file query38.csv (CSV, C-alpha atoms)
chain,number,residue,atom,x,y,z
A,1,ASN,CA,-8.0,8.4,16.7
A,2,ALA,CA,-4.6,6.8,16.3
A,3,GLY,CA,-5.4,4.3,13.5
A,4,VAL,CA,-2.3,2.2,12.8
A,5,THR,CA,0.8,2.9,15.0
A,6,GLN,CA,4.1,1.3,14.3
A,7,THR,CA,7.4,1.7,16.1
A,8,PRO,CA,10.2,2.5,15.8
A,9,LYS,CA,10.1,5.1,13.0
A,10,PHE,CA,13.9,4.7,12.3
A,11,GLN,CA,16.4,2.1,13.1
A,12,VAL,CA,20.0,1.3,12.1
A,13,LEU,CA,21.3,-2.2,12.7
A,14,LYS,CA,24.5,-4.0,12.0
A,15,THR,CA,24.5,-7.2,10.0
A,16,GLY,CA,23.5,-10.1,12.2
A,17,GLN,CA,21.7,-8.1,14.8
A,18,SER,CA,18.0,-8.8,15.6
A,19,MET,CA,15.1,-6.4,16.1
A,20,THR,CA,11.3,-6.3,16.3
A,21,LEU,CA,9.0,-3.9,14.6
A,22,GLN,CA,5.8,-3.3,16.6
A,23,CYS,CA,2.4,-2.5,15.1
A,24,ALA,CA,-0.9,-1.8,16.8
A,25,GLN,CA,-4.3,-0.8,15.4
A,26,ASP,CA,-7.4,0.6,17.1
A,27,MET,CA,-10.0,0.1,14.4
A,28,ASN,CA,-11.0,-3.4,15.4
A,29,HIS,CA,-9.9,-4.9,12.1
A,30,ASN,CA,-9.4,-8.6,11.8
A,31,SER,CA,-6.7,-8.5,9.2
A,32,MET,CA,-3.2,-7.1,9.6
A,33,TYR,CA,-0.3,-7.0,7.2
A,34,TRP,CA,3.4,-6.2,6.9
A,35,TYR,CA,4.8,-4.8,3.7
A,36,ARG,CA,8.2,-3.6,2.6
A,37,GLN,CA,8.8,-0.8,0.2
A,38,ASP,CA,11.8,-0.6,-2.1
A,39,PRO,CA,12.6,1.9,-4.9
A,40,GLY,CA,11.0,0.9,-8.2
A,41,MET,CA,9.2,-2.1,-6.7
A,42,GLY,CA,6.2,-0.7,-4.9
A,43,LEU,CA,5.0,-2.4,-1.7
A,44,ARG,CA,5.5,-6.1,-1.4
A,45,LEU,CA,3.8,-8.3,1.2
A,46,ILE,CA,6.0,-10.0,3.8
A,47,TYR,CA,3.4,-11.7,6.0
A,48,TYR,CA,-0.2,-11.2,6.9
A,49,SER,CA,-2.7,-12.3,9.5
A,50,ALA,CA,-6.3,-12.9,8.6
A,51,SER,CA,-7.4,-13.1,12.2
A,52,GLU,CA,-6.0,-13.4,15.7
A,53,GLY,CA,-4.0,-16.6,16.0
A,54,THR,CA,-3.3,-17.0,12.3
A,55,THR,CA,-0.4,-15.9,10.1
A,56,ASP,CA,0.5,-16.6,6.5
A,57,LYS,CA,3.5,-15.9,4.2
A,58,GLY,CA,3.3,-13.3,1.6
A,59,GLU,CA,5.5,-12.6,-1.4
A,60,VAL,CA,8.8,-12.0,0.4
A,61,PRO,CA,8.8,-13.8,3.8
A,62,ASN,CA,12.4,-15.1,3.9
A,63,GLY,CA,14.4,-13.7,6.9
A,64,TYR,CA,11.3,-12.5,8.8
A,65,ASN,CA,9.0,-13.9,11.5
A,66,VAL,CA,5.7,-12.5,12.7
A,67,SER,CA,3.5,-12.8,15.8
A,68,ARG,CA,-0.1,-11.8,16.0
A,69,LEU,CA,-0.1,-11.1,19.7
A,70,ASN,CA,-3.8,-10.3,19.9
A,71,LYS,CA,-6.4,-8.6,17.7
A,72,ARG,CA,-4.7,-5.2,18.0
A,73,GLU,CA,-1.0,-6.1,17.7
A,74,PHE,CA,1.1,-7.7,14.9
A,75,SER,CA,4.9,-7.7,15.2
A,76,LEU,CA,7.6,-8.3,12.6
A,77,ARG,CA,10.9,-9.7,13.7
A,78,LEU,CA,14.3,-9.8,11.9
A,79,GLU,CA,16.3,-12.6,13.6
A,80,SER,CA,19.6,-11.9,11.9
A,81,ALA,CA,19.5,-8.7,9.8
A,82,ALA,CA,21.1,-8.6,6.4
A,83,PRO,CA,21.9,-5.5,4.2
A,84,SER,CA,19.2,-6.8,1.8
A,85,GLN,CA,16.6,-6.0,4.5
A,86,THR,CA,17.4,-2.3,4.3
A,87,SER,CA,14.0,-0.9,3.4
A,88,VAL,CA,10.9,1.0,4.6
A,89,TYR,CA,8.4,-1.2,6.4
A,90,PHE,CA,4.7,-0.6,6.6
A,91,CYS,CA,2.1,-2.2,8.8
A,92,ALA,CA,-1.5,-2.1,7.6
A,93,SER,CA,-4.9,-3.3,8.7
A,94,GLY,CA,-8.2,-3.8,7.1
A,95,ASP,CA,-11.5,-5.7,7.0
A,96,GLY,CA,-12.2,-8.6,4.7
A,97,ARG,CA,-15.4,-7.1,3.6
A,98,GLY,CA,-16.7,-3.5,3.1
A,99,SER,CA,-14.6,-1.0,1.4
A,100,GLY,CA,-11.6,-3.2,0.9
A,101,GLU,CA,-9.3,-0.3,1.9
A,102,LEU,CA,-6.2,-0.9,3.9
A,103,PHE,CA,-5.1,1.6,6.5
A,104,PHE,CA,-1.4,2.1,6.9
A,105,GLY,CA,1.0,3.1,9.6
A,106,GLU,CA,3.6,5.8,9.0
A,107,GLY,CA,6.3,3.4,8.0
A,108,SER,CA,9.6,2.4,9.6
A,109,ARG,CA,12.9,3.1,7.9
A,110,LEU,CA,15.4,0.3,8.6
A,111,THR,CA,19.0,0.5,7.6
A,112,VAL,CA,21.3,-2.6,7.9
A,113,LEU,CA,25.0,-1.9,7.7
B,1,ALA,CA,-1.4,-14.2,-9.3
B,2,GLN,CA,-2.7,-10.7,-9.8
B,3,THR,CA,-0.2,-8.2,-11.1
B,4,VAL,CA,-0.3,-4.4,-11.3
B,5,THR,CA,1.7,-2.4,-13.8
B,6,GLN,CA,2.4,1.3,-13.7
B,7,SER,CA,4.4,2.1,-16.9
B,8,GLN,CA,5.2,5.7,-16.0
B,9,PRO,CA,8.0,5.9,-13.4
B,10,GLU,CA,7.8,9.7,-13.4
B,11,MET,CA,5.4,12.4,-14.6
B,12,SER,CA,5.3,16.1,-14.4
B,13,VAL,CA,2.5,18.6,-14.7
B,14,GLN,CA,2.2,22.4,-14.6
B,15,GLU,CA,0.2,23.8,-11.7
B,16,ALA,CA,-3.5,24.1,-12.6
B,17,GLU,CA,-3.2,21.7,-15.5
B,18,THR,CA,-4.5,18.2,-15.8
B,19,VAL,CA,-2.5,15.0,-15.7
B,20,THR,CA,-3.4,11.3,-16.1
B,21,LEU,CA,-1.5,8.5,-14.5
B,22,SER,CA,-1.8,5.0,-16.1
B,23,CYS,CA,-2.3,1.6,-14.5
B,24,THR,CA,-3.0,-1.8,-15.9
B,25,TYR,CA,-3.6,-5.0,-14.0
B,26,ASP,CA,-3.9,-8.7,-14.7
B,27,THR,CA,-6.6,-10.9,-13.1
B,28,SER,CA,-9.0,-13.7,-13.8
B,29,GLU,CA,-11.4,-12.6,-11.1
B,30,SER,CA,-14.6,-10.7,-11.8
B,31,ASP,CA,-15.1,-9.1,-8.4
B,32,TYR,CA,-12.3,-6.9,-7.0
B,33,TYR,CA,-11.3,-3.5,-5.8
B,34,LEU,CA,-8.9,-1.0,-7.3
B,35,PHE,CA,-7.3,1.9,-5.5
B,36,TRP,CA,-5.0,4.8,-6.0
B,37,TYR,CA,-2.8,5.7,-3.0
B,38,LYS,CA,-0.8,8.9,-2.6
B,39,GLN,CA,2.5,8.9,-0.7
B,40,PRO,CA,3.9,12.3,0.0
B,41,PRO,CA,7.5,12.8,1.4
B,42,SER,CA,6.1,12.2,4.8
B,43,ARG,CA,5.8,8.5,3.8
B,44,GLN,CA,2.2,8.2,4.9
B,45,MET,CA,0.0,6.2,2.5
B,46,ILE,CA,-3.2,8.1,1.8
B,47,LEU,CA,-6.1,6.7,0.0
B,48,VAL,CA,-7.0,8.9,-3.0
B,49,ILE,CA,-9.8,7.0,-4.7
B,50,ARG,CA,-11.4,3.6,-4.8
B,51,GLN,CA,-13.3,1.7,-7.5
B,52,GLU,CA,-15.4,-1.5,-7.1
B,53,ALA,CA,-15.2,-3.7,-10.2
B,54,TYR,CA,-18.9,-4.4,-10.3
B,55,LYS,CA,-19.7,-0.7,-10.6
B,56,GLN,CA,-19.6,0.6,-14.2
B,57,GLN,CA,-19.6,4.2,-13.1
B,58,ASN,CA,-16.2,5.8,-12.7
B,59,ALA,CA,-15.3,7.0,-9.2
B,60,THR,CA,-14.8,10.7,-8.5
B,61,GLU,CA,-13.4,12.5,-5.5
B,62,ASN,CA,-13.2,16.2,-6.0
B,63,ARG,CA,-10.3,16.9,-8.4
B,64,PHE,CA,-9.5,13.2,-8.7
B,65,SER,CA,-11.3,10.8,-11.1
B,66,VAL,CA,-10.6,7.5,-12.6
B,67,ASN,CA,-11.2,5.9,-16.0
B,68,PHE,CA,-12.0,2.3,-15.3
B,69,GLN,CA,-12.0,0.0,-18.3
B,70,LYS,CA,-12.8,-3.4,-17.0
B,71,ALA,CA,-12.4,-5.3,-20.3
B,72,ALA,CA,-9.1,-3.7,-21.0
B,73,LYS,CA,-8.0,-4.1,-17.3
B,74,SER,CA,-7.1,-0.5,-17.2
B,75,PHE,CA,-7.5,2.0,-14.3
B,76,SER,CA,-6.1,5.4,-14.9
B,77,LEU,CA,-6.1,8.4,-12.5
B,78,LYS,CA,-6.9,11.9,-13.7
B,79,ILE,CA,-5.9,14.9,-11.5
B,80,SER,CA,-7.6,18.1,-12.6
B,81,ASP,CA,-6.4,21.6,-11.6
B,82,SER,CA,-3.2,20.2,-10.2
B,83,GLN,CA,-1.9,21.8,-7.0
B,84,LEU,CA,1.6,21.9,-5.5
B,85,GLY,CA,0.4,19.6,-2.7
B,86,ASP,CA,-0.4,16.9,-5.3
B,87,ALA,CA,3.3,16.2,-5.7
B,88,ALA,CA,3.9,12.7,-4.4
B,89,MET,CA,4.4,9.1,-5.3
B,90,TYR,CA,1.2,7.5,-6.5
B,91,PHE,CA,0.5,3.8,-6.3
B,92,CYS,CA,-2.1,1.8,-8.1
B,93,ALA,CA,-3.3,-1.2,-6.1
B,94,TYR,CA,-5.6,-4.2,-6.6
B,95,ARG,CA,-7.4,-6.3,-3.9
B,96,SER,CA,-9.7,-9.2,-4.0
B,97,PRO,CA,-12.7,-9.3,-1.6
B,98,GLY,CA,-11.9,-11.1,1.6
B,99,VAL,CA,-8.8,-11.0,3.6
B,100,ARG,CA,-6.3,-11.3,0.8
B,101,ASP,CA,-3.5,-8.8,0.5
B,102,MET,CA,-3.4,-5.7,-1.7
B,103,ARG,CA,-1.1,-5.9,-4.7
B,104,PHE,CA,0.7,-2.7,-5.7
B,105,GLY,CA,2.3,-1.3,-8.8
B,106,ALA,CA,5.8,0.1,-8.7
B,107,GLY,CA,4.5,3.7,-8.4
B,108,THR,CA,4.6,6.9,-10.4
B,109,ARG,CA,6.4,10.0,-9.0
B,110,LEU,CA,4.4,13.1,-9.8
B,111,THR,CA,6.1,16.5,-9.9
B,112,VAL,CA,4.0,19.7,-10.0
B,113,LYS,CA,5.7,22.7,-11.5
B,114,PRO,CA,4.7,26.2,-10.3
call {"tool": "encode", "arguments": {"input": "query38.csv", "output": "structure tokens"}}
result
Amino acid sequence: NAGVTQTPKFQVLKTGQSMTLQCAQDMNHNSMYWYRQDPGMGLRLIYYSASEGTTDKGEVPNGYNVSRLNKREFSLRLESAAPSQTSVYFCASGDGRGSGELFFGEGSRLTVL
Amino acid sequence: AQTVTQSQPEMSVQEAETVTLSCTYDTSESDYYLFWYKQPPSRQMILVIRQEAYKQQNATENRFSVNFQKAAKSFSLKISDSQLGDAAMYFCAYRSPGVRDMRFGAGTRLTVKP
């Protein structure tokens, strides 16, 4: 039972380079989320997808794009990485009803030099 | 917008003792969920305990319990009989019913001393 799987776990980029973080969940959840975690700031929402085919901006969307490829997969793209995007990124999924709990991937540490 | 505040950046506790982590939140909604997540050095976010706002009874999960004060908008986590494995970052979180996102506090780093 994999839950939420995100790749890569670690990545180092140079300023201006692009990359995509991949996320997949096998729990048949409708909603998926991308958060970033920075010291002293908790987790902040970048983008979320309430269902397949829909995406919405969160608290800190600038510099990012997302794609909800299908019900299982939700990717996050950095088109032109900046040092301010150095962070740990988490993908999560959940249901709109029920327990309200979100299930998280193991995180991806991204460093932009 | 809902906000979650954890006023204790760091806490420490002696092994086998009890510690309480504080959390307050701001909302105008009457129905919502509250959570405590644990993040050990592995980075994995692990759900510790969940509280539904309409339930007056405080949630309990083994050594972990909460003190939910809805009127005061307070949601503290008590860890009894602390163990070395409890050392981690703890996040308080709020979520409205539906597909909306989860809002997190800044976290409290808990150290457990042997």
call {"tool": "closest_atom_pairs", "arguments": {"input": "query38.csv", "of": "chain A", "to": "chain B", "cutoff": "10 Å", "atoms": "all atoms listed in the file", "output": "JSON lines"}}
result
{"residue": "A:Asn30", "atom": "CA", "partner": "B:Val99", "partner_atom": "CA", "distance": 8.6}
{"residue": "A:Ser31", "atom": "CA", "partner": "B:Val99", "partner_atom": "CA", "distance": 6.5}
{"residue": "A:Met32", "atom": "CA", "partner": "B:Val99", "partner_atom": "CA", "distance": 9.1}
{"residue": "A:Tyr33", "atom": "CA", "partner": "B:Asp101", "partner_atom": "CA", "distance": 7.6}
{"residue": "A:Trp34", "atom": "CA", "partner": "B:Asp101", "partner_atom": "CA", "distance": 9.8}
{"residue": "A:Tyr35", "atom": "CA", "partner": "B:Asp101", "partner_atom": "CA", "distance": 9.8}
{"residue": "A:Gln37", "atom": "CA", "partner": "B:Ala106", "partner_atom": "CA", "distance": 9.4}
{"residue": "A:Asp38", "atom": "CA", "partner": "B:Ala106", "partner_atom": "CA", "distance": 8.9}
{"residue": "A:Pro39", "atom": "CA", "partner": "B:Ala106", "partner_atom": "CA", "distance": 8.0}
{"residue": "A:Gly40", "atom": "CA", "partner": "B:Ala106", "partner_atom": "CA", "distance": 5.3}
{"residue": "A:Met41", "atom": "CA", "partner": "B:Ala106", "partner_atom": "CA", "distance": 4.5}
{"residue": "A:Gly42", "atom": "CA", "partner": "B:Ala106", "partner_atom": "CA", "distance": 3.9}
{"residue": "A:Leu43", "atom": "CA", "partner": "B:Phe104", "partner_atom": "CA", "distance": 5.9}
{"residue": "A:Arg44", "atom": "CA", "partner": "B:Phe104", "partner_atom": "CA", "distance": 7.3}
{"residue": "A:Leu45", "atom": "CA", "partner": "B:Asp101", "partner_atom": "CA", "distance": 7.4}
{"residue": "A:Tyr47", "atom": "CA", "partner": "B:Asp101", "partner_atom": "CA", "distance": 9.3}
{"residue": "A:Tyr48", "atom": "CA", "partner": "B:Asp101", "partner_atom": "CA", "distance": 7.6}
{"residue": "A:Ser49", "atom": "CA", "partner": "B:Val99", "partner_atom": "CA", "distance": 8.6}
{"residue": "A:Ala50", "atom": "CA", "partner": "B:Val99", "partner_atom": "CA", "distance": 5.9}
{"residue": "A:Ser51", "atom": "CA", "partner": "B:Val99", "partner_atom": "CA", "distance": 9.0}
{"residue": "A:Gly58", "atom": "CA", "partner": "B:Asp101", "partner_atom": "CA", "distance": 8.2}
{"residue": "A:Glu59", "atom": "CA", "partner": "B:Asp101", "partner_atom": "CA", "distance": 10.0}
{"residue": "A:Val88", "atom": "CA", "partner": "B:Arg43", "partner_atom": "CA", "distance": 9.1}
{"residue": "A:Phe90", "atom": "CA", "partner": "B:Met45", "partner_atom": "CA", "distance": 9.2}
{"residue": "A:Ala92", "atom": "CA", "partner": "B:Met45", "partner_atom": "CA", "distance": 9.9}
{"residue": "A:Ser93", "atom": "CA", "partner": "B:Asp101", "partner_atom": "CA", "distance": 10.0}
{"residue": "A:Gly94", "atom": "CA", "partner": "B:Val99", "partner_atom": "CA", "distance": 8.0}
{"residue": "A:Asp95", "atom": "CA", "partner": "B:Val99", "partner_atom": "CA", "distance": 6.9}
{"residue": "A:Gly96", "atom": "CA", "partner": "B:Gly98", "partner_atom": "CA", "distance": 4.0}
{"residue": "A:Arg97", "atom": "CA", "partner": "B:Gly98", "partner_atom": "CA", "distance": 5.7}
{"residue": "A:Gly98", "atom": "CA", "partner": "B:Pro97", "partner_atom": "CA", "distance": 8.5}
{"residue": "A:Ser99", "atom": "CA", "partner": "B:Tyr33", "partner_atom": "CA", "distance": 8.3}
{"residue": "A:Gly100", "atom": "CA", "partner": "B:Pro97", "partner_atom": "CA", "distance": 6.7}
{"residue": "A:Glu101", "atom": "CA", "partner": "B:Leu47", "partner_atom": "CA", "distance": 7.9}
{"residue": "A:Leu102", "atom": "CA", "partner": "B:Met102", "partner_atom": "CA", "distance": 7.9}
{"residue": "A:Phe103", "atom": "CA", "partner": "B:Met45", "partner_atom": "CA", "distance": 7.9}
{"residue": "A:Phe104", "atom": "CA", "partner": "B:Met45", "partner_atom": "CA", "distance": 6.2}
{"residue": "A:Gly105", "atom": "CA", "partner": "B:Gln44", "partner_atom": "CA", "distance": 7.0}
{"residue": "A:Glu106", "atom": "CA", "partner": "B:Gln44", "partner_atom": "CA", "distance": 5.0}
{"residue": "A:Gly107", "atom": "CA", "partner": "B:Arg43", "partner_atom": "CA", "distance": 6.6}
{"residue": "A:Ser108", "atom": "CA", "partner": "B:Arg43", "partner_atom": "CA", "distance": 9.2}
{"residue": "A:Arg109", "atom": "CA", "partner": "B:Arg43", "partner_atom": "CA", "distance": 9.8}
call {"tool": "atom_distance", "arguments": {"input": "query38.csv", "atom1": "atom CA of Asn70 of chain A", "atom2": "atom CA of Arg36 of chain A"}}
result
22.1 Å
call {"tool": "atom_distance", "arguments": {"input": "query38.csv", "atom1": "atom CA of Glu79 of chain A", "atom2": "atom CA of Met19 of chain A"}}
result
6.8 Å
call {"tool": "atom_distance", "arguments": {"input": "query38.csv", "atom1": "atom CA of Leu78 of chain A", "atom2": "atom CA of Thr111 of chain A"}}
result
12.1 Å
call {"tool": "residues_near_point", "arguments": {"input": "query38.csv", "point": "(24.4, -2.6, 12.9)", "cutoff": "12 Å", "atoms": "all atoms listed in the file", "output": "PDB file with C-alpha atoms, keeping the file's coordinate frame"}}
result
ATOM      1  CA  GLN A  11      16.400   2.100  13.100  1.00  0.00           C
ATOM      2  CA  VAL A  12      20.000   1.300  12.100  1.00  0.00           C
ATOM      3  CA  LEU A  13      21.300  -2.200  12.700  1.00  0.00           C
ATOM      4  CA  LYS A  14      24.500  -4.000  12.000  1.00  0.00           C
ATOM      5  CA  THR A  15      24.500  -7.200  10.000  1.00  0.00           C
ATOM      6  CA  GLY A  16      23.500 -10.100  12.200  1.00  0.00           C
ATOM      7  CA  GLN A  17      21.700  -8.100  14.800  1.00  0.00           C
ATOM      8  CA  SER A  18      18.000  -8.800  15.600  1.00  0.00           C
ATOM      9  CA  MET A  19      15.100  -6.400  16.100  1.00  0.00           C
ATOM     10  CA  SER A  80      19.600 -11.900  11.900  1.00  0.00           C
ATOM     11  CA  ALA A  81      19.500  -8.700   9.800  1.00  0.00           C
ATOM     12  CA  ALA A  82      21.100  -8.600   6.400  1.00  0.00           C
ATOM     13  CA  PRO A  83      21.900  -5.500   4.200  1.00  0.00           C
ATOM     14  CA  GLN A  85      16.600  -6.000   4.500  1.00  0.00           C
ATOM     15  CA  THR A  86      17.400  -2.300   4.300  1.00  0.00           C
ATOM     16  CA  LEU A 110      15.400   0.300   8.600  1.00  0.00           C
ATOM     17  CA  THR A 111      19.000   0.500   7.600  1.00  0.00           C
ATOM     18  CA  VAL A 112      21.300  -2.600   7.900  1.00  0.00           C
ATOM     19  CA  LEU A 113      25.000  -1.900   7.700  1.00  0.00           C
TER      20      LEU A 113
END
call {"tool": "closest_residue", "arguments": {"input": "query38.csv", "among": "A:Glu73, A:Gly53, A:Gln6, A:Gly63", "to": "His29 of chain A", "atoms": "all atoms listed in the file"}}
result
A:Glu73
call {"tool": "residues_around", "arguments": {"input": "query38.csv", "residues": "Pro114 of chain B", "least_positions_apart": "5", "cutoff": "8 Å", "atoms": "only C-alpha atoms", "output": "short mmCIF file (atom, residue, chain, number, x, y, z; two decimals) with C-alpha atoms, in the frame of the given file"}}
result
data_model
loop_
_atom_site.label_atom_id
_atom_site.label_comp_id
_atom_site.auth_asym_id
_atom_site.auth_seq_id
_atom_site.Cartn_x
_atom_site.Cartn_y
_atom_site.Cartn_z
CA GLN B 14 2.20 22.40 -14.60
CA GLU B 15 0.20 23.80 -11.70
CA LEU B 84 1.60 21.90 -5.50
#
call {"tool": "closest_residue", "arguments": {"input": "query38.csv", "among": "B:Ser80, B:Gln2, B:Ser74, B:Thr111", "to": "Cys23 of chain B", "atoms": "only C-alpha atoms"}}
result
B:Ser74
call {"tool": "residues_near_point", "arguments": {"input": "query38.csv", "point": "(-14.6, -7.8, -18.5)", "cutoff": "10 Å", "atoms": "all atoms listed in the file", "output": "PyMOL selection string"}}
result
chain B and resi 28-30+53-54+69-73
call {"tool": "write_last_selection", "arguments": {"input": "query38.csv", "atoms": "C-alpha atoms", "output": "short mmCIF file (atom, residue, chain, number, x, y, z; two decimals), in the coordinates of the input"}}
result
data_model
loop_
_atom_site.label_atom_id
_atom_site.label_comp_id
_atom_site.auth_asym_id
_atom_site.auth_seq_id
_atom_site.Cartn_x
_atom_site.Cartn_y
_atom_site.Cartn_z
CA SER B 28 -9.00 -13.70 -13.80
CA GLU B 29 -11.40 -12.60 -11.10
CA SER B 30 -14.60 -10.70 -11.80
CA ALA B 53 -15.20 -3.70 -10.20
CA TYR B 54 -18.90 -4.40 -10.30
CA GLN B 69 -12.00 0.00 -18.30
CA LYS B 70 -12.80 -3.40 -17.00
CA ALA B 71 -12.40 -5.30 -20.30
CA ALA B 72 -9.10 -3.70 -21.00
CA LYS B 73 -8.00 -4.10 -17.30
#
call {"tool": "residues_around", "arguments": {"input": "query38.csv", "residues": "Lys78 of chain B", "least_positions_apart": "5", "cutoff": "7 Å", "atoms": "all atoms listed in the file", "output": "VMD selection string"}}
result
chain B and resid 19 to 21 64 to 66
call {"tool": "closest_residue", "arguments": {"input": "query38.csv", "among": "A:Ser84, A:Asn28, A:Thr55, A:Thr5", "to": "Leu69 of chain A", "atoms": "only C-alpha atoms"}}
result
A:Thr55
call {"tool": "closest_residue", "arguments": {"input": "query38.csv", "among": "B:Lys55, B:Arg63, B:Leu77, B:Leu110", "to": "Ala16 of chain B", "atoms": "only C-alpha atoms"}}
result
B:Arg63
